[in-house]
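S.K.: Below is the structure I would like to discuss, written out as structure tokens.
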Amino acid sequence: MSAGVLIENVSKIFFHRGEEIHALREVNIAIDPGEFVCIAGPSGCGKSTLLNLVAGLERPDEGRILVGGEEATGPSPERTVVFQEGAIFPWMTVERNVEYGLRMRGDLSRAERRERAEDALERLGLAGMSDRFPHELSGGQRQRVAIARALVMEPQVLLCDEPFSSLDAITRRRLSEDMSRLWEATRMTVLWVEHNLYLPALLADRVMILASHPGRVLDEVLVHLDRPRSPSDAAVLRIGDWLTAWLEALAEVEQGGRVVLPHPPGGAEVRPASHHATLH
Ligand code: ADP
Ligand code: MG
């Protein structure tokens with residue numbers, strides 16, 4: 001069941017050769033159940049760290065993270081992550097891979113697991129591929145299996161860390177379109193880390209813009225475009241262009257440059273980041 005996520009005053013410090021790295025400082029984000037939120041920002045600004053904290057793979061040094069009202073203190077199948085290189089087992093068939101998490105959970109019969117796996121595979125355009133092994137699939141198909149594998153768990157929140165970034169442009173576009181449709185059909189809570197800014201324009205309700213050193217939320221962009229959206233919609237492309245130009249400008253500002261930030265195009269709205277997360 002989709003749940004809300006509350007990231008409350010979260011800070012994370014790493015140590016590298018005796019030096020402190022402020023990966024995140026006082027981050028506040030509240031995500032409603034069923035909302036699609038993207039985290040964007042330059043490399044090294046703490047995007048993956050934030051996702052790993054929500055996944056429970058890391059613990060914050062300050063603050064806390066609530067998912068469905070409960071503190072995320074460790075990994076859970078309710079908060080699975082889809083990584084850039086989908087982690088699937090090479091020695092298992094597609095179906096075995098997809099039902100793996102359910103099998104571990106142990107509450108469904110073999111037939112029920114198979115049905116859920118088949119359903120997820122069909123949603124991801126992989127009907128008829130159940131008996132294949134990962135080496136018999138393309139890169140795009142393997143990422144689809146990784147997503148199907150997360151979906152069958154019906155997680156409280158789906159976490160994605162640039163899951164399409166190792167794919168070629170055409171495959172990425174096709175997967176993005178399918179992801180957009182899938183989200184419309186399921187309306188699950190999604191937290192998606194991305195550096196390709198055309199994806200948030202297509203997929204997200206809201207984009208959190210992070211800056212680095214220390215990693216922090218700079219601004220929040222609301223994407224008001226109607227759904228269904230397509231990657232070739234002029235409005236989606238305009239917002240993608242604008243987000244890209246905007247982040248480039250912010251990088252200049254960080255280096256001490258002076259720039260004028262472009263105005264948002266239709267369908268996008270900038271909101272100064274709230275400094276206190278609240279649940280609605
Ligand atoms: P992003 O995903 O936005 O590229 P990361 O969250 O991976 O950024 O990293 C944020 C910062 O924290 C970077 O400076 C990175 O080098 C540092 N960092 C991340 N993980 C660790 C770690 N386990 N140990 C030390 N430093 C880390
Ligand atoms: Mg990362």
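Residue numbers start at 1 in each chain; chains themselves are named A, B, ... in the order of the structure tokens; ligands are numbered from 1 in the order shown.
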May I have the residues within 7 Å of ligand 1, computed using only C-alpha atoms and all ligand atoms, as a PyMOL selection string?
M.R.: chain A and resi 14-16+21-23+41-50
S.K.: Fewer than 4 positions away in the same chain doesn't count, so skip those; otherwise give me all residues within 6 Å of segment 152-159 of chain A, counting only C-alpha atoms, as a list in words.
M.R.: Met1, Ser2, Ala3, Glu78, Arg79, Val81, Thr189, Val190, Leu191 and Trp192 of chain A
S.K.: Any chance you can output those residues with C-alpha atoms as a PDB file, in the first residue's frame?
M.R.:
```
ATOM      1  CA  MET A   1       0.000   0.000   0.000  1.00  0.00           C
ATOM      2  CA  SER A   2       1.386   3.406  -0.967  1.00  0.00           C
ATOM      3  CA  ALA A   3       2.400   5.509   2.012  1.00  0.00           C
ATOM      4  CA  GLU A  78       8.355  -2.031   1.634  1.00  0.00           C
ATOM      5  CA  ARG A  79      11.104   0.299   0.394  1.00  0.00           C
ATOM      6  CA  VAL A  81      15.398   0.360  -4.536  1.00  0.00           C
ATOM      7  CA  THR A 189       4.412   6.732  -4.053  1.00  0.00           C
ATOM      8  CA  VAL A 190       7.677   7.151  -5.950  1.00  0.00           C
ATOM      9  CA  LEU A 191      10.936   8.802  -4.964  1.00  0.00           C
ATOM     10  CA  TRP A 192      13.163   8.950  -8.012  1.00  0.00           C
TER      11      TRP A 192
END
```
S.K.: Quick one: residues within 7 Å of segment 214-227 of chain A, only C-alpha atoms counted, chain neighbours fewer than 5 positions away excluded, as a PyMOL selection string?
M.R.: chain A and resi 22-27+45-46+201+204-209+267-273
S.K.: Quick one: DSSP strand (DSSP E or B) residues in segment 92-248 of chain A, as a list in words?
M.R.: Leu158, Leu159, Cys160, Asp161, Val190, Leu191, Trp192, Val193, Glu194, Arg206, Val207, Met208, Ile209, Leu210, Ala211, Arg216, Val217, Leu218, Asp219, Glu220, Val221, Leu222 and Val223 of chain A
S.K.: Smallest atom-to-atom distance to ligand 2: which of A:Arg59, A:His195, A:Arg181, A:His263, using only C-alpha atoms and all ligand atoms?
M.R.: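 Ranking A:Arg59, A:His195, A:Arg181, A:His263 by distance to ligand 2, first place goes to A:His195.
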S.K.: Using only C-alpha atoms, which residues sit within 6 Å of segment 237-245 of chain A once same-chain residues fewer than 3 positions away are excluded, as a VMD selection string?
M.R.: chain A and resid 197 to 198 201 234 248
S.K.: Now that the selection is made, can you save its residues with N, CA and C atoms as an mmCIF file, in the first residue's frame?
M.R.:
```cif
data_model
loop_
_atom_site.group_PDB
_atom_site.id
_atom_site.type_symbol
_atom_site.label_atom_id
_atom_site.label_comp_id
_atom_site.auth_asym_id
_atom_site.auth_seq_id
_atom_site.Cartn_x
_atom_site.Cartn_y
_atom_site.Cartn_z
ATOM 1 N N LEU A 197 17.145 15.632 -16.779
ATOM 2 C CA LEU A 197 16.021 16.446 -16.293
ATOM 3 C C LEU A 197 14.786 16.424 -17.195
ATOM 4 N N TYR A 198 14.846 15.643 -18.277
ATOM 5 C CA TYR A 198 13.639 15.477 -19.088
ATOM 6 C C TYR A 198 12.714 14.449 -18.443
ATOM 7 N N ALA A 201 10.328 16.015 -15.922
ATOM 8 C CA ALA A 201 9.291 16.778 -16.626
ATOM 9 C C ALA A 201 8.197 15.827 -17.112
ATOM 10 N N ALA A 234 5.384 19.140 -26.352
ATOM 11 C CA ALA A 234 6.169 20.381 -26.346
ATOM 12 C C ALA A 234 6.350 20.896 -24.913
ATOM 13 N N GLU A 248 22.217 24.266 -14.717
ATOM 14 C CA GLU A 248 23.530 24.744 -15.176
ATOM 15 C C GLU A 248 23.812 26.122 -14.593
#
```
S.K.: Near segment 168-175 of chain A, counting only C-alpha atoms, which residues have an atom at most 10 Å away, once you skip same-chain residues fewer than 4 positions from it, shown as a PyMOL selection string?
M.R.: chain A and resi 124-125+138-141+143-144+163-164+179-181+198-199+230-232
S.K.: With distances taken over only C-alpha atoms, which of A:Leu203, A:Ile7, A:Gln84, A:Met92 is nearest to Leu167 of chain A?
M.R.: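 Of A:Leu203, A:Ile7, A:Gln84, A:Met92, the one nearest Leu167 of chain A is A:Gln84, counting only C-alpha atoms.
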S.K.: From the options A:Met188, A:Ile13, A:Ala30, A:Leu51, which residue's atoms come nearest to ligand 2, counting only C-alpha atoms and all ligand atoms?
M.R.: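 The closest residue to ligand 2 is A:Leu51.
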S.K.: For each of A:Asp32, A:Glu71, A:Glu19, A:Asp161, take the minimum atom-to-atom distance to Gly86 of chain A, counting only C-alpha atoms, then give the residue where this is smallest.
M.R.: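 Smallest distance to Gly86 of chain A is found for A:Asp161.
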S.K.: Go ahead and compute the interatomic distance for atom CA of Arg132 of chain A and atom CA of Glu184 of chain A, in Å to one decimal.
M.R.: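 According to the coordinates, atom CA of Arg132 of chain A and atom CA of Glu184 of chain A are separated by 28.3 Å.
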S.K.: Please report the interatomic distance between atom CA of Ala185 of chain A and atom CA of Ala148 of chain A in Å with one decimal.
M.R.: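 Taking atom CA of Ala185 of chain A and atom CA of Ala148 of chain A, their separation equals 14.3 Å.
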S.K.: Nearest residue to ligand 2 out of A:Leu247, A:Ile39, A:Ala235, A:Ile65, using only C-alpha atoms and all ligand atoms?
M.R.: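 Once distances to ligand 2 are computed over only C-alpha atoms and all ligand atoms, the minimum belongs to A:Ile39.
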S.K.: What's the separation between atom CA of Ser130 of chain A and atom CA of Trp183 of chain A, in Å to one decimal place?
M.R.: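 We find that atom CA of Ser130 of chain A and atom CA of Trp183 of chain A lie 22.5 Å from each other.
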S.K.: Considering only C-alpha atoms, can you say which of A:Leu6, A:Val98, A:Cys160, A:Leu121 comes closest to Glu194 of chain A?
M.R.: A:Cys160
